[in-house]
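Pasted below: work.cif, mmCIF, C-alpha atoms.
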data_data
#
loop_
_atom_site.label_atom_id
_atom_site.label_comp_id
_atom_site.auth_asym_id
_atom_site.auth_seq_id
_atom_site.Cartn_x
_atom_site.Cartn_y
_atom_site.Cartn_z
CA MET A 436 -48.34 -203.76 5.71
CA THR A 437 -51.39 -203.80 7.95
CA TYR A 438 -53.84 -201.40 6.35
CA LYS A 439 -57.09 -203.35 6.29
CA CYS A 440 -60.41 -202.81 4.62
CA GLY A 441 -63.66 -202.76 6.52
CA VAL A 442 -65.31 -200.56 9.13
CA HIS A 443 -62.89 -198.21 10.86
CA LYS A 444 -63.57 -196.42 14.12
CA PHE A 445 -63.55 -192.81 13.02
CA PRO A 446 -63.94 -190.40 15.96
CA HIS A 447 -66.94 -188.11 15.54
CA PHE A 448 -67.58 -189.34 11.99
CA PRO A 449 -70.88 -190.91 11.03
CA LYS A 450 -70.79 -194.70 11.04
CA LYS A 451 -70.06 -196.00 7.57
CA LYS A 452 -70.79 -199.26 5.87
CA PRO A 453 -67.81 -201.46 5.05
CA ARG A 454 -66.13 -199.99 2.01
CA ASP A 455 -65.24 -202.22 -0.88
CA CYS A 456 -61.48 -202.31 -1.47
CA ALA A 457 -61.78 -201.43 -5.12
CA ASN A 458 -60.88 -198.57 -7.39
CA GLY A 459 -63.52 -195.91 -7.56
CA SER A 460 -64.82 -196.07 -3.99
CA LYS A 461 -66.86 -193.04 -2.99
CA SER A 462 -67.03 -191.35 0.39
CA ASP A 463 -70.10 -189.84 2.04
CA GLU A 464 -68.75 -186.30 1.88
CA PHE A 465 -67.07 -186.64 -1.50
CA GLN A 466 -68.96 -188.28 -4.35
CA GLN A 467 -65.91 -188.38 -6.60
CA ASP A 468 -64.01 -191.59 -7.23
CA LEU A 469 -61.25 -191.95 -4.66
CA VAL A 470 -58.31 -194.28 -5.22
CA PHE A 471 -57.12 -194.04 -1.62
CA ALA A 472 -58.23 -192.00 1.39
CA PHE A 473 -57.04 -191.85 4.97
CA SER A 474 -57.21 -189.76 8.12
CA TYR A 475 -54.20 -188.95 10.26
CA GLY A 476 -53.11 -186.82 13.17
CA SER A 477 -54.76 -185.83 16.44
CA GLY A 478 -58.25 -185.87 14.93
CA ALA A 479 -57.93 -189.57 14.14
CA PHE A 480 -55.76 -190.89 17.00
CA GLN A 481 -55.55 -189.80 20.60
CA GLN A 482 -52.09 -188.42 21.32
CA HIS A 483 -50.15 -188.34 24.56
CA GLY A 484 -51.44 -185.59 26.85
CA GLN A 485 -54.87 -185.46 25.20
CA LYS A 486 -58.01 -186.74 26.91
CA SER A 487 -59.69 -187.51 23.57
CA THR A 488 -59.73 -186.59 19.89
CA GLU A 489 -62.86 -184.49 20.37
CA GLY A 490 -62.50 -180.89 19.26
CA ASN A 491 -59.47 -181.55 17.06
CA VAL A 492 -59.48 -180.78 13.36
CA VAL A 493 -59.86 -184.00 11.35
CA ASP A 494 -57.10 -184.28 8.73
CA LEU A 495 -57.82 -186.24 5.55
CA ILE A 496 -55.84 -187.08 2.44
CA LEU A 497 -57.83 -187.93 -0.69
CA VAL A 498 -56.00 -189.62 -3.56
CA VAL A 499 -57.52 -189.38 -7.04
CA ASP A 500 -56.47 -190.49 -10.50
CA ASP A 501 -57.63 -187.25 -12.16
CA ALA A 502 -57.25 -184.02 -10.19
CA GLU A 503 -59.18 -181.86 -12.64
CA THR A 504 -62.19 -184.16 -12.58
CA PHE A 505 -62.11 -184.22 -8.78
CA HIS A 506 -62.11 -180.42 -8.51
CA ARG A 507 -64.83 -180.05 -11.14
CA LEU A 508 -67.18 -182.38 -9.26
CA ASN A 509 -66.16 -181.07 -5.85
CA LEU A 510 -66.83 -177.48 -6.91
CA GLU A 511 -70.33 -178.52 -7.94
CA ARG A 512 -71.00 -180.24 -4.61
CA ASN A 513 -68.77 -178.45 -2.08
CA SER A 514 -67.89 -175.05 -3.52
CA LYS A 515 -67.93 -173.49 -0.03
CA HIS A 516 -64.92 -175.64 0.88
CA TYR A 517 -62.75 -173.52 -1.41
CA SER A 518 -61.25 -170.06 -1.04
CA SER A 519 -61.62 -167.49 -3.82
CA MET A 520 -59.29 -169.76 -5.80
CA LYS A 521 -62.46 -171.59 -6.87
CA TYR A 522 -63.13 -168.85 -9.41
CA LEU A 523 -60.11 -170.04 -11.38
CA GLY A 524 -62.05 -173.17 -12.32
CA PRO A 525 -61.12 -176.87 -12.09
CA HIS A 526 -58.45 -176.82 -14.80
CA LEU A 527 -56.34 -174.12 -13.14
CA LEU A 528 -56.96 -175.54 -9.67
CA ALA A 529 -55.62 -178.90 -10.85
CA SER A 530 -52.67 -177.21 -12.54
CA PHE A 531 -51.88 -175.29 -9.33
CA GLN A 532 -52.08 -178.56 -7.39
CA GLU A 533 -49.83 -180.52 -9.75
CA LYS A 534 -47.11 -177.91 -10.38
CA TRP A 535 -46.44 -176.27 -7.01
CA GLY A 536 -45.35 -177.35 -3.55
CA ALA A 537 -45.71 -181.01 -2.63
CA ARG A 538 -48.44 -181.56 -5.27
CA VAL A 539 -51.23 -181.40 -2.69
CA TYR A 540 -54.24 -179.03 -2.70
CA PHE A 541 -55.61 -178.39 0.80
CA ASN A 542 -59.03 -177.10 1.76
CA THR A 543 -58.71 -175.95 5.36
CA LEU A 544 -61.08 -175.52 8.33
CA VAL A 545 -64.07 -176.92 6.47
CA PRO A 546 -67.15 -177.20 8.74
CA TYR A 547 -69.01 -180.50 8.84
CA LYS A 548 -71.57 -181.80 11.30
CA HIS A 549 -69.00 -183.20 13.73
CA GLY A 550 -66.51 -180.31 13.69
CA LEU A 551 -63.87 -179.13 11.26
CA LEU A 552 -62.06 -180.88 8.41
CA LYS A 553 -58.82 -180.18 6.63
CA TYR A 554 -58.45 -182.28 3.51
CA GLY A 555 -55.70 -182.52 0.97
CA VAL A 556 -56.11 -183.78 -2.59
CA ILE A 557 -53.21 -185.42 -4.43
CA SER A 558 -53.08 -187.36 -7.68
CA SER A 559 -52.15 -191.03 -7.49
CA SER A 560 -49.19 -190.48 -9.85
CA ALA A 561 -47.73 -187.75 -7.61
CA LEU A 562 -48.24 -189.86 -4.51
CA VAL A 563 -46.50 -192.86 -6.08
CA ALA A 564 -43.50 -190.62 -6.91
CA ASP A 565 -43.41 -189.36 -3.34
CA LEU A 566 -43.73 -192.83 -1.84
CA LEU A 567 -41.04 -194.42 -4.03
CA ASP A 568 -38.52 -191.60 -4.35
CA TRP A 569 -39.41 -189.16 -1.54
CA GLU A 570 -39.66 -186.51 -4.22
CA TRP A 571 -41.18 -184.12 -1.66
CA MET A 572 -41.31 -186.37 1.42
CA TYR A 573 -44.64 -184.83 2.33
CA ILE A 574 -47.53 -187.27 2.10
CA SER A 575 -45.00 -190.12 2.15
CA GLY A 576 -43.92 -188.79 5.55
CA ARG A 577 -47.50 -188.87 6.84
CA LEU A 578 -47.53 -192.55 5.90
CA HIS A 579 -44.44 -193.37 7.97
CA LYS A 580 -46.85 -193.27 10.91
CA PRO A 581 -50.08 -195.19 11.56
CA VAL A 582 -53.05 -193.76 9.68
CA MET A 583 -56.75 -194.56 9.58
CA PRO A 584 -57.60 -195.90 6.10
CA LEU A 585 -61.04 -194.98 4.77
CA VAL A 586 -60.64 -196.17 1.17
CA LEU A 587 -57.91 -198.56 0.07
CA PRO A 588 -56.45 -198.83 -3.43
CA HIS A 589 -57.29 -201.85 -5.53
CA SER A 590 -54.86 -204.73 -5.01
CA SER A 591 -53.46 -204.24 -8.53
CA HIS A 592 -53.00 -200.46 -8.23
CA PRO A 593 -49.34 -199.26 -8.14
CA LEU A 594 -50.09 -197.51 -4.85
CA ARG A 595 -50.26 -200.85 -3.05
CA SER A 596 -46.62 -201.74 -3.64
CA ALA A 597 -45.54 -198.10 -3.32
CA LEU A 598 -47.03 -197.89 0.19
CA LYS A 599 -44.94 -200.84 1.33
CA HIS A 600 -41.84 -199.47 -0.43
CA ASN A 601 -42.27 -196.21 1.48
CA LEU A 602 -42.09 -198.05 4.80
CA GLN A 603 -38.96 -199.85 3.62
CA ASN A 604 -37.43 -196.48 2.66
CA ALA A 605 -38.17 -195.19 6.15
CA MET A 606 -36.67 -198.24 7.86
CA HIS A 607 -33.41 -198.09 5.86
CA THR A 608 -33.13 -194.37 6.61
CA ALA A 609 -33.85 -194.77 10.32
CA LEU A 610 -31.33 -197.59 10.72
CA LEU A 611 -28.61 -195.40 9.20
CA LEU A 612 -29.40 -192.76 11.81
CA LEU A 613 -29.38 -195.12 14.79
CA PRO A 614 -26.52 -196.76 16.77
CA ASP A 615 -25.84 -200.49 16.96
CA THR A 616 -28.28 -201.02 19.85
CA PHE A 617 -31.45 -199.11 20.67
CA GLN A 618 -34.92 -199.58 22.11
CA GLU A 619 -38.08 -200.12 20.09
CA GLU A 620 -39.58 -196.77 21.07
CA THR A 621 -36.41 -194.99 19.90
CA LEU A 622 -36.81 -196.62 16.48
CA TYR A 623 -40.42 -195.47 16.20
CA GLN A 624 -39.55 -191.95 17.31
CA THR A 625 -36.84 -191.87 14.64
CA LEU A 626 -39.27 -193.14 11.98
CA ALA A 627 -42.01 -190.72 13.03
CA GLY A 628 -39.56 -187.83 13.20
CA LEU A 629 -38.22 -188.18 9.65
CA SER A 630 -40.95 -186.05 8.08
CA TYR A 631 -40.53 -183.33 10.74
CA SER A 632 -36.76 -183.12 10.41
CA GLY A 633 -36.04 -179.83 8.67
CA ASP A 634 -39.68 -178.65 8.77
CA PHE A 635 -39.50 -174.97 9.68
CA ARG A 636 -42.91 -175.20 11.38
CA MET A 637 -41.39 -177.30 14.16
CA SER A 638 -39.51 -174.19 15.32
CA PHE A 639 -42.61 -172.16 16.13
CA GLY A 640 -45.80 -173.66 14.72
CA GLU A 641 -45.99 -177.15 16.21
CA ASP A 642 -46.05 -178.80 19.61
CA ARG A 643 -42.37 -179.24 20.46
CA ASN A 644 -43.15 -182.73 21.85
CA LYS A 645 -45.09 -183.73 18.75
CA VAL A 646 -43.07 -186.83 17.81
CA LYS A 647 -43.06 -188.26 21.34
CA ASN A 648 -46.77 -187.52 21.72
CA ILE A 649 -47.50 -189.41 18.50
CA VAL A 650 -45.40 -192.47 19.33
CA THR A 651 -45.99 -193.03 23.06
CA PRO A 652 -49.69 -194.02 22.89
CA GLN A 653 -49.28 -195.87 19.59
CA ILE A 654 -46.38 -198.27 20.18
CA GLY A 655 -48.57 -201.23 19.22
CA LYS A 656 -49.72 -199.60 15.98
CA PHE A 657 -46.13 -198.77 14.99
CA ARG A 658 -45.06 -202.33 15.76
CA GLU A 659 -47.85 -203.70 13.58
CA LEU A 660 -47.02 -201.30 10.74
CA TYR A 661 -43.33 -202.24 10.56
CA SER A 662 -43.31 -205.85 11.79
CA SER A 663 -43.38 -207.37 8.29
CA LEU A 664 -40.08 -205.64 7.38
CA TRP A 665 -37.86 -207.36 9.96
CA PRO A 666 -37.48 -210.70 8.10
CA GLY A 667 -36.01 -208.88 5.10
CA LEU A 668 -33.46 -207.21 7.38
CA ALA A 669 -32.41 -210.39 9.20
CA ALA A 670 -28.84 -210.27 7.86
CA TYR A 671 -28.31 -206.75 9.23
CA ALA A 672 -30.72 -206.13 12.12
CA GLU A 673 -32.93 -207.93 14.59
CA PHE A 674 -35.67 -207.02 17.01
CA ASN A 675 -36.34 -208.85 20.27
CA THR A 676 -40.10 -208.54 20.78
CA SER A 677 -39.98 -209.59 24.44
CA SER A 678 -37.38 -207.03 25.54
CA GLY A 679 -38.06 -204.36 22.93
CA ARG A 680 -34.33 -204.24 22.21
CA CYS A 681 -33.06 -203.76 18.65
CA GLU A 682 -29.56 -204.60 17.46
CA GLN A 683 -28.01 -203.89 14.09
CA ASP A 684 -24.80 -204.24 12.15
CA THR A 685 -23.27 -200.79 11.63
CA SER A 686 -20.25 -201.96 9.64
CA PRO A 687 -19.41 -200.30 6.28
CA GLY A 688 -20.96 -203.30 4.49
CA ALA A 689 -24.25 -202.86 6.33
CA ARG A 690 -24.24 -199.13 5.70
CA MET A 691 -23.66 -199.74 2.00
CA PHE A 692 -26.67 -202.05 1.98
CA HIS A 693 -28.92 -199.34 3.45
CA LEU A 694 -27.45 -196.48 1.41
CA ASN A 695 -28.12 -198.34 -1.83
CA LEU A 696 -31.76 -198.78 -0.86
CA LEU A 697 -32.48 -195.18 0.14
CA PRO A 698 -35.08 -193.30 -1.94
CA LYS A 699 -33.73 -191.51 -5.00
CA GLN A 700 -34.17 -187.95 -3.69
CA ILE A 701 -32.14 -188.69 -0.56
CA GLN A 702 -29.43 -190.48 -2.54
CA GLN A 703 -29.12 -187.56 -4.97
CA THR A 704 -28.91 -185.05 -2.13
CA ILE A 705 -26.16 -187.05 -0.39
CA VAL A 706 -24.14 -187.22 -3.63
CA HIS A 707 -24.66 -183.50 -4.29
CA GLU A 708 -23.53 -182.51 -0.79
CA TRP A 709 -20.53 -184.87 -0.92
CA ASN A 710 -19.36 -183.31 -4.19
CA ARG A 711 -19.66 -179.70 -3.07
CA ASP A 712 -15.87 -179.42 -3.01
CA GLY A 713 -15.87 -179.69 -6.81
CA ARG A 714 -14.24 -183.11 -7.03
CA TRP A 715 -17.03 -185.05 -8.68
CA GLN A 716 -17.56 -188.67 -7.64
CA ASP A 717 -20.32 -190.94 -8.85
CA VAL A 718 -22.95 -192.55 -6.63
CA GLU A 719 -21.02 -195.77 -6.06
CA ASP A 720 -17.82 -193.96 -5.04
CA VAL A 721 -19.71 -191.57 -2.75
CA PHE A 722 -21.59 -194.35 -0.99
CA ARG A 723 -18.45 -196.44 -0.57
CA ALA A 724 -16.68 -193.52 1.06
CA ALA A 725 -19.73 -192.51 3.12
CA ALA A 726 -20.15 -196.06 4.44
CA HIS A 727 -16.64 -195.87 5.95
CA ASP A 728 -17.16 -192.35 7.28
CA THR A 729 -18.10 -191.89 10.95
CA GLU A 730 -20.22 -188.93 9.82
CA CYS A 731 -22.47 -191.17 7.68
CA PRO A 732 -25.53 -190.72 9.95
CA GLU A 733 -25.10 -186.95 9.79
CA LEU A 734 -24.93 -187.03 5.98
CA VAL A 735 -28.20 -188.94 5.83
CA LYS A 736 -29.82 -186.66 8.40
CA GLU A 737 -28.84 -183.53 6.46
CA ALA A 738 -30.21 -185.00 3.21
CA VAL A 739 -33.56 -185.71 4.86
CA GLN A 740 -33.65 -182.24 6.41
CA LYS A 741 -32.97 -180.52 3.10
CA THR A 742 -35.75 -182.47 1.36
CA VAL A 743 -38.31 -181.78 4.09
CA LYS A 744 -37.31 -178.13 4.45
CA ALA A 745 -37.85 -177.40 0.76
CA SER A 746 -41.31 -178.99 0.57
CA SER A 747 -42.50 -177.61 3.92
CA TRP A 748 -41.75 -174.05 2.78
CA THR A 749 -43.25 -174.33 -0.70
CA GLN A 750 -46.35 -176.20 0.50
CA SER A 751 -46.92 -173.72 3.33
CA ILE A 752 -46.71 -170.77 0.92
CA LYS A 753 -49.07 -172.62 -1.42
CA GLY A 754 -51.50 -173.05 1.48
CA ILE A 755 -52.10 -169.31 1.85
CA PRO A 756 -54.13 -168.84 -1.37
CA THR A 757 -55.79 -172.28 -1.15
CA ALA A 758 -56.99 -171.65 2.41
CA GLY A 759 -57.70 -167.95 1.91
CA PHE A 760 -56.07 -165.26 4.04
CA VAL A 761 -58.53 -165.40 6.96
CA LYS A 762 -58.45 -169.19 7.30
CA ALA A 763 -54.67 -169.24 6.87
CA VAL A 764 -54.31 -166.78 9.77
CA ARG A 765 -56.78 -168.73 11.96
CA TYR A 766 -55.01 -172.01 11.24
CA GLY A 767 -51.58 -170.47 11.85
CA PHE A 768 -52.62 -168.97 15.18
CA ALA A 769 -54.10 -172.31 16.29
CA LYS A 770 -50.77 -174.02 15.53
CA ILE A 771 -48.76 -171.35 17.38
CA ASN A 772 -51.13 -171.60 20.36
CA LYS A 773 -50.46 -175.35 20.57
CA PHE A 774 -46.73 -174.63 20.40
CA TRP A 775 -46.86 -172.16 23.30
CA LYS A 776 -48.93 -174.55 25.39
CA SER A 777 -46.31 -177.26 24.83
CA LEU A 778 -43.57 -174.83 25.93
CA LYS A 779 -45.44 -174.09 29.17
CA LYS A 780 -45.80 -177.80 29.91
CA ASN A 781 -42.18 -178.57 29.02
CA PRO A 782 -39.98 -175.46 29.10
CA PRO A 783 -36.59 -175.84 27.32
CA ASP A 784 -34.55 -175.63 30.53
CA SER A 785 -36.55 -178.47 32.09
CA GLU A 786 -35.00 -181.05 29.76
#
Is it possible to give me this structure as structure tokens?
Amino acid sequence: MTYKCGVHKFPHFPKKKPRDCANGSKSDEFQQDLVFAFSYGSGAFQQHGQKSTEGNVVDLILVVDDAETFHRLNLERNSKHYSSMKYLGPHLLASFQEKWGARVYFNTLVPYKHGLLKYGVISSSALVADLLDWEWMYISGRLHKPVMPLVLPHSSHPLRSALKHNLQNAMHTALLLLPDTFQEETLYQTLAGLSYSGDFRMSFGEDRNKVKNIVTPQIGKFRELYSSLWPGLAAYAEFNTSSGRCEQDTSPGARMFHLNLLPKQIQQTIVHEWNRDGRWQDVEDVFRAAAHDTECPELVKEAVQKTVKASSWTQSIKGIPTAGFVKAVRYGFAKINKFWKSLKKNPPDSE
């Protein structure tokens, strides 16, 4: 994994001193202890079709060990970031964060001196569960793509190994969805598209070319992010760096290998869907049969879609009270506007 500590070029953010890669690092905006923090999306990286990142909302994820403590301190320092939910107090805010949706609490359209921020707060324990098992496949999905690290977890923190495991999860899933030969860019589009598969917002609230726009200008960053995984896959797949061509074994044995290494939530969903006819089979029997089934890629795809669909709905509903009605409407209209602009540039019948 290639997340590195040090000074990161953060568009429109004040220059920061190198941040120590240790637990309890503090940001300039947030004085609370942060275990891990990163920026992602069009406010951090220029996407295809954009002249720059200027004017885009900066998306941040802040990972904390204690959500209640974070909200208590953040309410003291940045109470204006919150909707009327702030009157519930830090205990109920933390409870709302930890029990609903994808376990993230977002403050949306927050003004700062370089523009607007949207930041999500998640506990380290919830993030580890999402990274390892794809419990919600929400923040874990953000981390299938290159991000801009601002604070890194201590080398001994469970998040370190969980971050790498999440990339391995994504690679095993993507390979099950792909044919025996494919190009490098196709792999990265498949990896980047996992967290959007099944997301209802892709139907009307997002740029319809979002995945391509993310991958095209960042091929090098994707290659760097996933390059360390290829040696562990040598028996089943290989990547020719000079030609950009990928080849893999798609035999039942290879499929079994990948199926057995999928995250728990996806495995459970596959087993549940396979047993819908009432004839119960255990995990081993289901995977053995699925590995020989020509519809194996479709089974995996449907399992991913169901996981993403559930969390995208519940987290979006959760975002209405946390953003406040006015901000939620503003944010929603901005997303729909981007969607319509993408339709004008690339109408459906032009493909």
query = Which polymer residues have any atom within 10 Å of an atom of Asp565 (chain A), counting only C-alpha atoms, with same-chain residues fewer than 4 positions away left out, as a ChimeraX atom specification?
reply = /A:537-538,559-561,569-576,597-598,601,698,700
Would you kindly translate the PyMOL selection byres ((chain A and resi 668) around 12) into the concrete residues it picks from this file, as a PyMOL selection string? chain A and resi 603+606-607+610+661-667+669-674+681-684+689+692-693+696
Once you have the residues from the selection above, write them out as a PDB file, in the frame of the given file, restricted to C-alpha atoms.
ATOM      1  CA  GLN A 603     -38.960-199.850   3.620  1.00  0.00           C
ATOM      2  CA  MET A 606     -36.670-198.240   7.860  1.00  0.00           C
ATOM      3  CA  HIS A 607     -33.410-198.090   5.860  1.00  0.00           C
ATOM      4  CA  LEU A 610     -31.330-197.590  10.720  1.00  0.00           C
ATOM      5  CA  TYR A 661     -43.330-202.240  10.560  1.00  0.00           C
ATOM      6  CA  SER A 662     -43.310-205.850  11.790  1.00  0.00           C
ATOM      7  CA  SER A 663     -43.380-207.370   8.290  1.00  0.00           C
ATOM      8  CA  LEU A 664     -40.080-205.640   7.380  1.00  0.00           C
ATOM      9  CA  TRP A 665     -37.860-207.360   9.960  1.00  0.00           C
ATOM     10  CA  PRO A 666     -37.480-210.700   8.100  1.00  0.00           C
ATOM     11  CA  GLY A 667     -36.010-208.880   5.100  1.00  0.00           C
ATOM     12  CA  ALA A 669     -32.410-210.390   9.200  1.00  0.00           C
ATOM     13  CA  ALA A 670     -28.840-210.270   7.860  1.00  0.00           C
ATOM     14  CA  TYR A 671     -28.310-206.750   9.230  1.00  0.00           C
ATOM     15  CA  ALA A 672     -30.720-206.130  12.120  1.00  0.00           C
ATOM     16  CA  GLU A 673     -32.930-207.930  14.590  1.00  0.00           C
ATOM     17  CA  PHE A 674     -35.670-207.020  17.010  1.00  0.00           C
ATOM     18  CA  CYS A 681     -33.060-203.760  18.650  1.00  0.00           C
ATOM     19  CA  GLU A 682     -29.560-204.600  17.460  1.00  0.00           C
ATOM     20  CA  GLN A 683     -28.010-203.890  14.090  1.00  0.00           C
ATOM     21  CA  ASP A 684     -24.800-204.240  12.150  1.00  0.00           C
ATOM     22  CA  ALA A 689     -24.250-202.860   6.330  1.00  0.00           C
ATOM     23  CA  PHE A 692     -26.670-202.050   1.980  1.00  0.00           C
ATOM     24  CA  HIS A 693     -28.920-199.340   3.450  1.00  0.00           C
ATOM     25  CA  LEU A 696     -31.760-198.780  -0.860  1.00  0.00           C
TER      26      LEU A 696
END
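Ranking A:Asn604, A:Thr685, A:Gln703, A:Asn644 by their shortest atom-to-atom distance to Leu626 (chain A), with all atoms listed in the file included, puts A:Asn604 first.
Each of A:Leu660, A:Leu602, A:Leu527, A:Ala564 was compared to Thr504 (chain A) using only C-alpha atoms, and A:Leu527 turns out to be the nearest.
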Polymer residues at most 9 Å from Arg723 (chain A), all atoms listed in the file, same-chain spacing of 6 or more positions, as a list in words: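 Contacts, with the query itself left out: Pro687, Gly688, Arg690 and Met691 of chain A.
Distance check against Ala609 (chain A) using all atoms listed in the file: of A:Val735, A:Val706, A:Phe471, A:Leu587, the minimum falls on A:Val735.
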For region 466-481 of chain A, which lacks atoms in the input, supply N, CA and C atoms and format the output as a PDB file, in the coordinates of the input.
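Dumped to selection.pdb:
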ATOM      1  N   GLN A 466     -68.349-187.318  -3.432  1.00  0.00           N
ATOM      2  CA  GLN A 466     -68.960-188.280  -4.350  1.00  0.00           C
ATOM      3  C   GLN A 466     -68.029-188.689  -5.488  1.00  0.00           C
ATOM      4  N   GLN A 467     -66.866-188.046  -5.557  1.00  0.00           N
ATOM      5  CA  GLN A 467     -65.910-188.380  -6.600  1.00  0.00           C
ATOM      6  C   GLN A 467     -65.262-189.736  -6.332  1.00  0.00           C
ATOM      7  N   ASP A 468     -64.736-190.334  -7.383  1.00  0.00           N
ATOM      8  CA  ASP A 468     -64.010-191.590  -7.230  1.00  0.00           C
ATOM      9  C   ASP A 468     -62.693-191.339  -6.501  1.00  0.00           C
ATOM     10  N   LEU A 469     -62.470-192.065  -5.436  1.00  0.00           N
ATOM     11  CA  LEU A 469     -61.250-191.950  -4.660  1.00  0.00           C
ATOM     12  C   LEU A 469     -60.455-193.246  -4.793  1.00  0.00           C
ATOM     13  N   VAL A 470     -59.183-193.116  -5.112  1.00  0.00           N
ATOM     14  CA  VAL A 470     -58.310-194.280  -5.220  1.00  0.00           C
ATOM     15  C   VAL A 470     -57.872-194.737  -3.832  1.00  0.00           C
ATOM     16  N   PHE A 471     -57.622-193.772  -2.958  1.00  0.00           N
ATOM     17  CA  PHE A 471     -57.120-194.040  -1.620  1.00  0.00           C
ATOM     18  C   PHE A 471     -57.500-192.857  -0.757  1.00  0.00           C
ATOM     19  N   ALA A 472     -57.896-193.094   0.468  1.00  0.00           N
ATOM     20  CA  ALA A 472     -58.230-192.000   1.390  1.00  0.00           C
ATOM     21  C   ALA A 472     -57.892-192.445   2.803  1.00  0.00           C
ATOM     22  N   PHE A 473     -57.357-191.521   3.585  1.00  0.00           N
ATOM     23  CA  PHE A 473     -57.040-191.850   4.970  1.00  0.00           C
ATOM     24  C   PHE A 473     -57.085-190.602   5.843  1.00  0.00           C
ATOM     25  N   SER A 474     -57.278-190.827   7.123  1.00  0.00           N
ATOM     26  CA  SER A 474     -57.210-189.760   8.120  1.00  0.00           C
ATOM     27  C   SER A 474     -55.954-189.965   8.949  1.00  0.00           C
ATOM     28  N   TYR A 475     -55.426-188.873   9.468  1.00  0.00           N
ATOM     29  CA  TYR A 475     -54.200-188.950  10.260  1.00  0.00           C
ATOM     30  C   TYR A 475     -54.204-187.841  11.299  1.00  0.00           C
ATOM     31  N   GLY A 476     -53.276-187.896  12.204  1.00  0.00           N
ATOM     32  CA  GLY A 476     -53.110-186.820  13.170  1.00  0.00           C
ATOM     33  C   GLY A 476     -54.015-186.924  14.386  1.00  0.00           C
ATOM     34  N   SER A 477     -54.086-185.834  15.142  1.00  0.00           N
ATOM     35  CA  SER A 477     -54.760-185.830  16.440  1.00  0.00           C
ATOM     36  C   SER A 477     -56.279-185.898  16.318  1.00  0.00           C
ATOM     37  N   GLY A 478     -56.816-185.707  15.113  1.00  0.00           N
ATOM     38  CA  GLY A 478     -58.250-185.870  14.930  1.00  0.00           C
ATOM     39  C   GLY A 478     -58.651-187.306  14.696  1.00  0.00           C
ATOM     40  N   ALA A 479     -57.669-188.155  14.395  1.00  0.00           N
ATOM     41  CA  ALA A 479     -57.930-189.570  14.140  1.00  0.00           C
ATOM     42  C   ALA A 479     -57.475-190.453  15.295  1.00  0.00           C
ATOM     43  N   PHE A 480     -56.325-190.088  15.920  1.00  0.00           N
ATOM     44  CA  PHE A 480     -55.760-190.890  17.000  1.00  0.00           C
ATOM     45  C   PHE A 480     -55.496-190.012  18.209  1.00  0.00           C
ATOM     46  N   GLN A 481     -55.844-190.513  19.364  1.00  0.00           N
ATOM     47  CA  GLN A 481     -55.550-189.800  20.600  1.00  0.00           C
ATOM     48  C   GLN A 481     -54.048-189.764  20.821  1.00  0.00           C
TER      49      GLN A 481
END
